[in-house]
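Novice: Next up, final_32.cif (mmCIF, C-alpha atoms).
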data_data
#
loop_
_atom_site.label_atom_id
_atom_site.label_comp_id
_atom_site.auth_asym_id
_atom_site.auth_seq_id
_atom_site.Cartn_x
_atom_site.Cartn_y
_atom_site.Cartn_z
CA MET J 806 4.10 33.72 -13.32
CA LYS J 807 1.85 30.77 -12.97
CA SER J 808 3.14 27.69 -14.72
CA GLU J 809 1.19 25.95 -17.39
CA ARG J 810 -1.29 23.35 -16.21
CA LYS J 811 -3.40 20.70 -17.80
CA ARG J 812 -6.06 18.27 -16.76
CA VAL J 813 -6.39 14.68 -17.85
CA LYS J 814 -9.45 12.54 -17.24
CA LYS J 815 -8.65 8.89 -16.79
CA MET J 816 -10.30 5.94 -15.15
CA PHE J 817 -8.59 3.27 -13.12
CA PHE J 818 -10.35 0.55 -11.18
CA ILE J 819 -9.43 -0.14 -7.56
CA HIS J 820 -7.03 -2.94 -8.42
CA GLN J 821 -5.21 -0.88 -11.06
CA TYR J 822 -3.16 1.30 -8.72
CA GLU J 823 0.09 0.03 -10.27
CA LYS J 824 -1.14 1.09 -13.70
CA GLU J 825 -1.99 4.47 -12.21
CA GLU J 826 1.56 4.72 -10.82
CA ALA J 827 2.98 3.89 -14.25
CA PHE J 828 0.75 6.53 -15.85
CA LEU J 829 1.99 9.24 -13.46
CA HIS J 830 5.61 8.14 -14.02
CA LYS J 831 5.17 8.39 -17.77
CA MET J 832 3.59 11.85 -17.54
CA ARG J 833 6.59 13.07 -15.52
CA LEU J 834 8.95 11.63 -18.11
CA GLY J 835 7.02 13.63 -20.67
CA GLY J 836 7.45 16.82 -18.66
CA TRP J 837 4.19 16.88 -16.73
CA LYS J 838 4.29 16.80 -12.95
CA PHE J 839 1.27 15.43 -11.13
CA VAL J 840 -0.04 17.97 -8.61
CA ASN J 841 -3.61 17.17 -7.71
CA ILE J 842 -6.52 14.84 -8.10
CA LYS J 843 -10.27 15.40 -8.27
CA ARG J 844 -12.57 12.53 -7.54
CA GLY J 845 -15.21 11.25 -9.87
CA ILE J 846 -15.75 8.56 -12.46
CA PRO J 847 -13.50 9.11 -14.41
CA THR J 848 -10.97 10.76 -12.10
CA THR J 849 -9.39 14.10 -13.04
CA TYR J 850 -5.62 14.40 -12.76
CA GLU J 851 -4.02 17.82 -12.69
CA PHE J 852 -0.49 18.32 -14.03
CA GLU J 853 2.01 21.14 -14.04
CA LYS J 854 4.59 21.66 -16.78
CA CYS J 855 8.10 20.69 -15.70
CA GLU J 856 11.42 19.41 -16.98
CA PRO J 857 11.19 15.75 -18.09
CA GLU J 858 12.42 13.70 -15.13
CA SER J 859 12.41 10.12 -13.94
CA TYR J 860 10.31 9.80 -10.81
CA SER J 861 8.72 6.79 -9.17
CA TYR J 862 5.14 7.19 -8.10
CA CYS J 863 3.51 5.04 -5.45
CA LEU J 864 0.00 4.77 -4.08
CA ASP J 865 -0.80 3.43 -0.67
CA TYR J 866 -4.18 2.72 0.81
CA VAL J 867 -4.05 3.42 4.54
CA THR J 868 -6.86 2.48 6.90
CA GLU J 869 -7.80 4.93 9.64
CA GLN J 870 -6.16 2.70 12.21
CA GLN J 871 -2.83 2.72 10.36
CA ASP J 872 -2.92 6.40 9.50
CA THR J 873 -0.52 7.66 12.14
CA GLU J 874 2.02 10.49 12.29
CA SER J 875 4.78 7.88 12.43
CA TYR J 876 3.62 6.42 9.11
CA HIS J 877 3.98 9.76 7.34
CA GLN J 878 7.28 10.46 9.11
CA LEU J 879 8.74 7.09 8.05
CA LEU J 880 7.86 7.65 4.41
CA GLN J 881 9.27 11.15 4.54
CA ASP J 882 12.49 9.84 6.13
CA ALA J 883 12.75 7.31 3.31
CA GLY J 884 12.66 10.14 0.77
CA TRP J 885 9.03 10.00 -0.36
CA GLU J 886 7.20 13.22 -1.04
CA GLU J 887 3.51 13.17 -0.18
CA LEU J 888 1.61 14.72 -3.07
CA CYS J 889 -2.05 14.41 -2.28
CA SER J 890 -4.66 12.14 -0.84
CA TYR J 891 -7.94 10.75 -2.01
CA PRO J 892 -10.65 9.57 0.35
CA GLY J 893 -11.41 5.88 -0.04
CA VAL J 894 -13.74 3.56 1.80
CA GLY J 895 -12.70 3.25 5.46
CA GLY J 896 -9.29 4.70 4.66
CA THR J 897 -7.32 7.07 2.48
CA TRP J 898 -5.34 6.71 -0.72
CA TYR J 899 -2.04 8.58 -0.57
CA TYR J 900 0.07 9.53 -3.57
CA PHE J 901 3.83 9.63 -3.12
CA SER J 902 6.73 10.34 -5.43
CA LYS J 903 10.47 9.87 -5.23
CA LYS J 904 13.24 10.76 -7.64
CA GLN J 905 14.81 7.72 -9.28
CA GLU J 906 18.54 7.30 -8.79
CA LEU J 907 20.25 5.83 -11.86
CA GLY J 908 16.88 5.01 -13.38
CA GLN J 909 16.14 2.46 -10.68
CA LYS J 910 12.50 2.05 -9.74
CA GLU J 911 11.67 2.99 -6.17
CA GLU J 912 8.98 0.99 -4.38
CA LEU J 913 6.97 1.31 -1.19
CA PHE J 914 6.40 -2.44 -1.05
CA THR J 915 9.31 -4.75 -1.62
CA ASP J 916 8.02 -8.22 -0.74
CA HIS J 917 5.08 -10.47 -1.58
CA ASP J 918 3.68 -10.43 1.95
CA SER J 919 3.22 -6.68 2.02
CA LYS J 920 1.90 -6.53 -1.55
CA GLU J 921 -0.66 -9.20 -0.70
CA TYR J 922 -1.49 -7.46 2.57
CA LEU J 923 -2.46 -4.31 0.63
CA VAL J 924 -4.69 -6.33 -1.71
CA ASN J 925 -6.34 -8.07 1.26
CA ARG J 926 -7.02 -4.76 3.01
CA LEU J 927 -8.69 -3.45 -0.13
CA LEU J 928 -10.73 -6.61 -0.59
CA VAL J 929 -12.12 -6.43 2.94
CA THR J 930 -13.02 -2.73 3.05
CA TYR J 931 -14.34 -2.46 -0.50
CA GLY J 932 -16.07 -5.82 -0.12
CA LEU J 933 -18.04 -4.53 2.87
CA TYR J 934 -18.83 -1.33 0.99
CA CYS J 935 -20.10 -3.41 -1.91
CA ILE J 936 -22.45 -5.37 0.37
CA LEU J 937 -23.78 -2.12 1.83
CA LEU J 938 -24.43 -0.72 -1.65
CA MET J 939 -26.21 -3.90 -2.67
CA CYS J 940 -28.52 -3.62 0.36
CA LEU J 941 -29.32 -0.03 -0.62
CA GLU J 942 -30.02 -1.12 -4.18
CA ALA J 943 -32.28 -3.94 -3.04
CA ASN J 944 -34.21 -1.46 -0.94
CA GLY J 945 -34.41 0.89 -3.94
CA ILE J 946 -35.91 -1.83 -6.11
CA ARG J 947 -38.52 -2.49 -3.42
CA ILE J 948 -39.54 1.20 -3.20
CA LEU J 949 -39.57 1.78 -6.96
CA SER J 950 -41.49 -1.36 -7.77
CA GLY J 951 -44.58 0.45 -6.51
CA GLY J 952 -44.53 2.71 -9.63
CA LEU J 953 -43.89 6.48 -9.67
CA GLY J 954 -47.44 7.51 -8.92
CA GLY J 955 -47.61 11.09 -10.32
CA TRP J 956 -46.56 14.42 -8.74
CA SER J 957 -47.50 13.77 -5.18
CA PHE J 958 -44.95 14.26 -2.41
CA LEU J 959 -44.32 10.54 -2.43
CA GLY J 960 -43.92 10.64 -6.22
CA VAL J 961 -41.17 13.30 -6.04
CA LEU J 962 -39.46 11.28 -3.33
CA LYS J 963 -39.50 8.32 -5.64
CA ILE J 964 -37.96 10.28 -8.52
CA VAL J 965 -35.20 11.49 -6.19
CA SER J 966 -34.53 7.95 -5.06
CA LEU J 967 -34.55 6.80 -8.71
CA VAL J 968 -31.71 9.24 -9.46
CA LEU J 969 -29.83 8.11 -6.35
CA PHE J 970 -30.54 4.54 -7.26
CA SER J 971 -29.02 4.81 -10.73
CA SER J 972 -25.93 6.71 -9.59
CA CYS J 973 -25.45 4.13 -6.85
CA LEU J 974 -25.63 1.47 -9.53
CA VAL J 975 -22.73 3.08 -11.42
CA VAL J 976 -20.61 3.15 -8.23
CA LEU J 977 -21.59 -0.43 -7.49
CA ALA J 978 -20.55 -1.61 -10.94
CA TYR J 979 -17.27 0.29 -10.56
CA VAL J 980 -16.57 -1.28 -7.15
CA GLU J 981 -17.57 -4.75 -8.30
CA ALA J 982 -15.23 -4.61 -11.30
CA GLY J 983 -12.45 -3.48 -8.97
CA LEU J 984 -13.16 -6.27 -6.50
CA PHE J 985 -13.02 -8.85 -9.25
CA GLY J 986 -9.70 -7.41 -10.38
CA LEU J 987 -8.39 -7.53 -6.80
CA TYR J 988 -9.42 -11.13 -6.51
CA LEU J 989 -7.45 -12.04 -9.66
CA LYS J 990 -4.51 -9.97 -8.48
CA ARG J 991 -4.49 -11.81 -5.16
CA LYS J 992 -4.46 -15.13 -6.94
CA LYS J 993 -1.52 -14.03 -9.05
CA GLU J 994 0.34 -12.71 -5.99
CA LYS J 995 -0.17 -16.04 -4.24
CA GLN J 996 1.22 -17.99 -7.20
CA GLN J 997 4.29 -15.78 -7.35
CA SER J 998 5.04 -16.10 -3.65
CA LEU J 999 5.91 -19.78 -3.96
CA MET E 1080 -5.30 -17.39 12.54
CA LYS E 1081 -2.06 -16.86 14.44
CA HIS E 1082 0.95 -16.06 12.35
CA THR E 1083 3.73 -18.47 13.26
CA PHE E 1084 6.58 -16.53 11.60
CA ILE E 1085 8.53 -19.75 10.96
CA PRO E 1086 9.73 -20.09 8.27
CA MET E 1087 10.30 -16.38 8.39
CA SER E 1088 10.24 -13.97 5.48
CA GLU E 1089 13.50 -12.26 4.69
CA THR E 1090 11.90 -8.96 5.61
CA ALA E 1091 10.78 -10.13 9.06
CA TYR E 1092 14.12 -11.82 9.70
CA TYR E 1093 16.19 -8.73 8.98
CA ILE E 1094 13.83 -6.42 10.86
CA LEU E 1095 14.02 -8.62 13.96
CA LEU E 1096 17.79 -8.79 13.63
CA SER E 1097 17.98 -4.99 13.40
CA LEU E 1098 15.89 -4.63 16.53
CA VAL E 1099 18.36 -6.42 18.77
CA GLU E 1100 19.29 -2.75 19.17
CA GLU E 1101 16.64 -0.08 19.57
CA ARG E 1102 15.85 1.51 16.19
CA HIS E 1103 13.15 3.42 14.33
CA GLY E 1104 11.72 2.53 10.92
CA TYR E 1105 14.17 4.44 8.77
CA GLY E 1106 17.06 3.30 10.99
CA ILE E 1107 16.07 -0.30 10.22
CA MET E 1108 16.01 0.45 6.51
CA GLN E 1109 19.54 1.88 6.58
CA TYR E 1110 20.89 -0.88 8.80
CA VAL E 1111 19.51 -3.71 6.63
CA ASN E 1112 20.85 -2.03 3.53
CA GLU E 1113 24.26 -1.85 5.17
CA ILE E 1114 24.53 -5.42 6.53
CA THR E 1115 23.36 -6.95 3.24
CA ASN E 1116 25.86 -4.87 1.24
CA GLU E 1117 22.99 -2.94 -0.36
CA ARG E 1118 21.39 -6.11 -1.70
CA LEU E 1119 18.19 -5.75 0.31
CA LYS E 1120 16.42 -2.42 0.07
CA LEU E 1121 13.29 -2.65 2.18
CA GLY E 1122 10.44 -0.41 1.07
CA ALA E 1123 9.04 2.02 3.63
CA GLY E 1124 5.52 0.60 3.28
CA THR E 1125 6.80 -2.93 3.77
CA ILE E 1126 8.69 -1.92 6.92
CA TYR E 1127 5.69 -0.10 8.36
CA GLY E 1128 3.34 -3.03 7.79
CA THR E 1129 5.78 -5.64 9.09
CA LEU E 1130 6.52 -3.62 12.24
CA GLY E 1131 2.79 -3.54 12.94
CA LYS E 1132 2.48 -7.31 12.49
CA LEU E 1133 5.55 -8.09 14.62
CA GLU E 1134 4.36 -5.77 17.38
CA LYS E 1135 0.91 -7.34 17.39
CA ALA E 1136 2.49 -10.79 17.69
CA GLY E 1137 4.57 -9.61 20.65
CA LEU E 1138 7.93 -10.20 18.95
CA ILE E 1139 8.90 -6.54 19.23
CA SER E 1140 7.69 -3.68 21.38
CA MET E 1141 7.69 0.08 21.07
CA THR E 1142 10.20 1.73 23.37
CA LYS E 1143 9.58 5.42 22.74
CA GLU E 1144 8.15 7.96 20.33
CA GLU E 1145 10.35 10.91 19.46
CA GLU E 1146 9.63 13.57 16.85
CA LYS E 1147 6.87 11.43 15.33
CA ARG E 1148 9.25 8.47 15.01
CA LYS E 1149 8.43 5.23 16.79
CA TYR E 1150 11.37 3.27 18.18
CA TYR E 1151 11.18 -0.48 18.63
CA GLN E 1152 13.20 -3.24 20.23
CA ILE E 1153 13.00 -7.04 20.10
CA THR E 1154 11.23 -8.81 23.01
CA GLU E 1155 12.27 -12.04 24.73
CA GLU E 1156 9.73 -13.91 22.65
CA GLY E 1157 11.11 -12.29 19.53
CA THR E 1158 14.63 -13.35 20.42
CA SER E 1159 13.60 -16.95 20.94
CA VAL E 1160 11.72 -16.99 17.60
CA LEU E 1161 14.78 -15.53 15.92
CA ARG E 1162 17.00 -18.24 17.47
CA GLU E 1163 14.58 -20.93 16.30
CA GLU E 1164 14.70 -19.51 12.79
CA LEU E 1165 18.49 -19.40 12.91
CA SER E 1166 18.68 -23.12 13.70
CA ARG E 1167 16.30 -23.80 10.81
CA ILE E 1168 18.53 -21.81 8.47
CA ARG E 1169 21.55 -23.71 9.81
CA GLU E 1170 19.83 -26.96 8.87
CA LEU E 1171 19.03 -25.64 5.37
CA TYR E 1172 22.63 -24.58 4.95
CA LYS E 1173 24.02 -27.90 6.23
CA ALA E 1174 21.75 -29.99 4.00
CA GLY E 1175 22.58 -27.88 0.97
CA LYS E 1176 26.28 -28.10 1.61
CA GLU E 1177 26.13 -31.88 2.05
CA VAL E 1178 24.36 -32.39 -1.25
CA LEU E 1179 26.19 -29.86 -3.35
CA GLY E 1180 29.56 -30.26 -1.66
CA ASN E 1181 31.76 -27.22 -1.46
CA GLU E 1182 30.76 -25.79 -4.81
CA LYS E 1183 30.62 -22.06 -4.88
#
Step by step, read the file and then write its structure as structure tokens.
Specialist:
Amino acid sequence: MKSERKRVKKMFFIHQYEKEEAFLHKMRLGGWKFVNIKRGIPTTYEFEKCEPESYSYCLDYVTEQQDTESYHQLLQDAGWEELCSYPGVGGTWYYFSKKQELGQKEELFTDHDSKEYLVNRLLVTYGLYCILLMCLEANGIRILSGGLGGWSFLGVLKIVSLVLFSSCLVVLAYVEAGLFGLYLKRKKEKQQSL
Amino acid sequence: MKHTFIPMSETAYYILLSLVEERHGYGIMQYVNEITNERLKLGAGTIYGTLGKLEKAGLISMTKEEEKRKYYQITEEGTSVLREELSRIRELYKAGKEVLGNEK
């Protein structure tokens, strides 16, 4: 018998991965186990009915260079179950969970240096992505400023680029908001590391 | 910018100390937990990142890879950095003891 499933649409910005972890933890406490993710804005989270349990959830953003077999082995050795992954910019988001012993929160990152290192990695890769998107947008403005010009081949091309242009704009706004959040987060992390 | 490692973070200090003997990531985690009487539980992500940084700086080197696990050991440079840090900690301890006396 297939167990009961449900989908929840929810949006988190790039810097809100800890909020996302808390959300998944709370769902598990309420008897819903996170099984899969579908990308989009907002993101779709898929859950499976289960017994209410206390699990820690952790996200890690791993660049291609760091994404080695030994990374996954180490996390597995440490008791983390890899649930799913989500393609990011220049790297991959991985979702892990681990059962909490005596209600104690389990963490992937236990010092300021490594928490800040994650924020810095995100700032660099998503920052570059943001610049690239802005170049595309600037180019789009240049093309579209010539007017649509009716149903010629060029006109259709312009309508297509208009659609691309506006969807790009949504992604850009999403990334920019996340970058701003990351910047604030980094500042906070720096203050705490004193 | 070159990372000087002194003063050293608690994480880096205990990882270097663990690697006086050859160990893999999870082995380090267990060892540190043991010698600090379970006070310090290093996260797997923190260990992975710090190992990368220490290796890049030449303070540790990879000795072998077995069943997807990388083993590391401290280098000569790593040992001398660790000694330097130890004398810094000794100074901290001495100064603290002088000011506060033998309070517990």
Novice: Give me, as a PyMOL selection string, the contact residues of chain E against chain J at a cut-off of 6 Å, counting only C-alpha atoms.
Specialist: chain E and resi 1121-1125+1147-1148
Novice: Every residue with an atom at most 9 Å from (-31.5, 1.3, -6.2) (file coordinates; all atoms listed in the file) is what I'm after, so could you write them as a PyMOL selection string?
Specialist: chain J and resi 938-949+966-974
Novice: If I take CA of Gly1131 in chain E and CA of Tyr822 in chain J, how far is one from the other in Å, to one decimal?
Specialist: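 That distance, rounded to one decimal, is 23.0 Å.
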Novice: Compare E:Tyr1093, E:Phe1084, E:Tyr1105, E:Tyr1172 by their minimum atom-to-atom distance to Lys1132 in chain E, counting only C-alpha atoms, and give me the closest one.
Specialist: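 With only C-alpha atoms as the atom set, the closest residue is E:Phe1084.
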Novice: If I take CA of Thr930 in chain J and CA of Lys995 in chain J, how far is one from the other in Å, to one decimal?
Specialist: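 Calculated distance between CA of Thr930 in chain J and CA of Lys995 in chain J is 19.9 Å.
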Novice: Decode the PyMOL selection byres ((chain E and resi 1134-1139) around 7) for the given file into explicit residues and return them as a compact mmCIF listing (two decimals) with C-alpha atoms, keeping the file's coordinate frame.
Specialist:
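Result file part.txt:
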# COMPACT_ATOMS: atom_id res chain seq x y z
CA LEU E 1130 6.52 -3.62 12.24
CA GLY E 1131 2.79 -3.54 12.94
CA LYS E 1132 2.48 -7.31 12.49
CA LEU E 1133 5.55 -8.09 14.62
CA SER E 1140 7.69 -3.68 21.38
CA MET E 1141 7.69 0.08 21.07
CA TYR E 1151 11.18 -0.48 18.63
CA GLN E 1152 13.20 -3.24 20.23
CA ILE E 1153 13.00 -7.04 20.10
CA THR E 1154 11.23 -8.81 23.01
CA GLU E 1156 9.73 -13.91 22.65
CA GLY E 1157 11.11 -12.29 19.53
Novice: Work out how far apart CA of Tyr934 in chain J and CA of Gly960 in chain J are and give it in Å to one decimal.
Specialist: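 So the two atoms, CA of Tyr934 in chain J and CA of Gly960 in chain J, lie 28.7 Å apart.
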Novice: Taking the file as shown, find all residues satisfying the PyMOL selection byres ((chain J and resi 847-850) around 9) and write them as a PyMOL selection string.
Specialist: chain J and resi 811-817+839-846+851-852
Novice: Find the residues around His830 in chain J up to 9 Å (all atoms listed in the file counted), leave out those fewer than 4 positions away in its own chain, and share them as a list of chain:residue names.
Specialist: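 In the requested form, the answer reads J:Glu825, J:Glu826, J:Leu834, J:Gly835, J:Lys838, J:Phe839, J:Glu858, J:Ser859, J:Tyr860, J:Ser861, J:Tyr862, J:Ser902.
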Novice: Selected by the PyMOL selection byres ((chain J and resi 836) around 6) in the shown coordinates: which residues, as number ranges by chain?
Specialist: J: 833-835, 837, 854-857
Novice: Please report, as JSON, the centre and edge lengths in Å to one decimal of an axis-aligned box covering all listed atoms of range 973-985 of chain J with 8 Å per side.
Specialist:
{"center_x": -19.0, "center_y": -2.4, "center_z": -9.0, "size_x": 29.2, "size_y": 29.0, "size_z": 20.9}
Novice: Determine, counting all atoms listed in the file, which protein, DNA and RNA residues have an atom within 8 Å of an atom of Val924 in chain J; residues of the same chain fewer than 4 positions away are not included. Present the result as a PyMOL selection string.
Specialist: chain J and resi 820+920+928+987+990-991
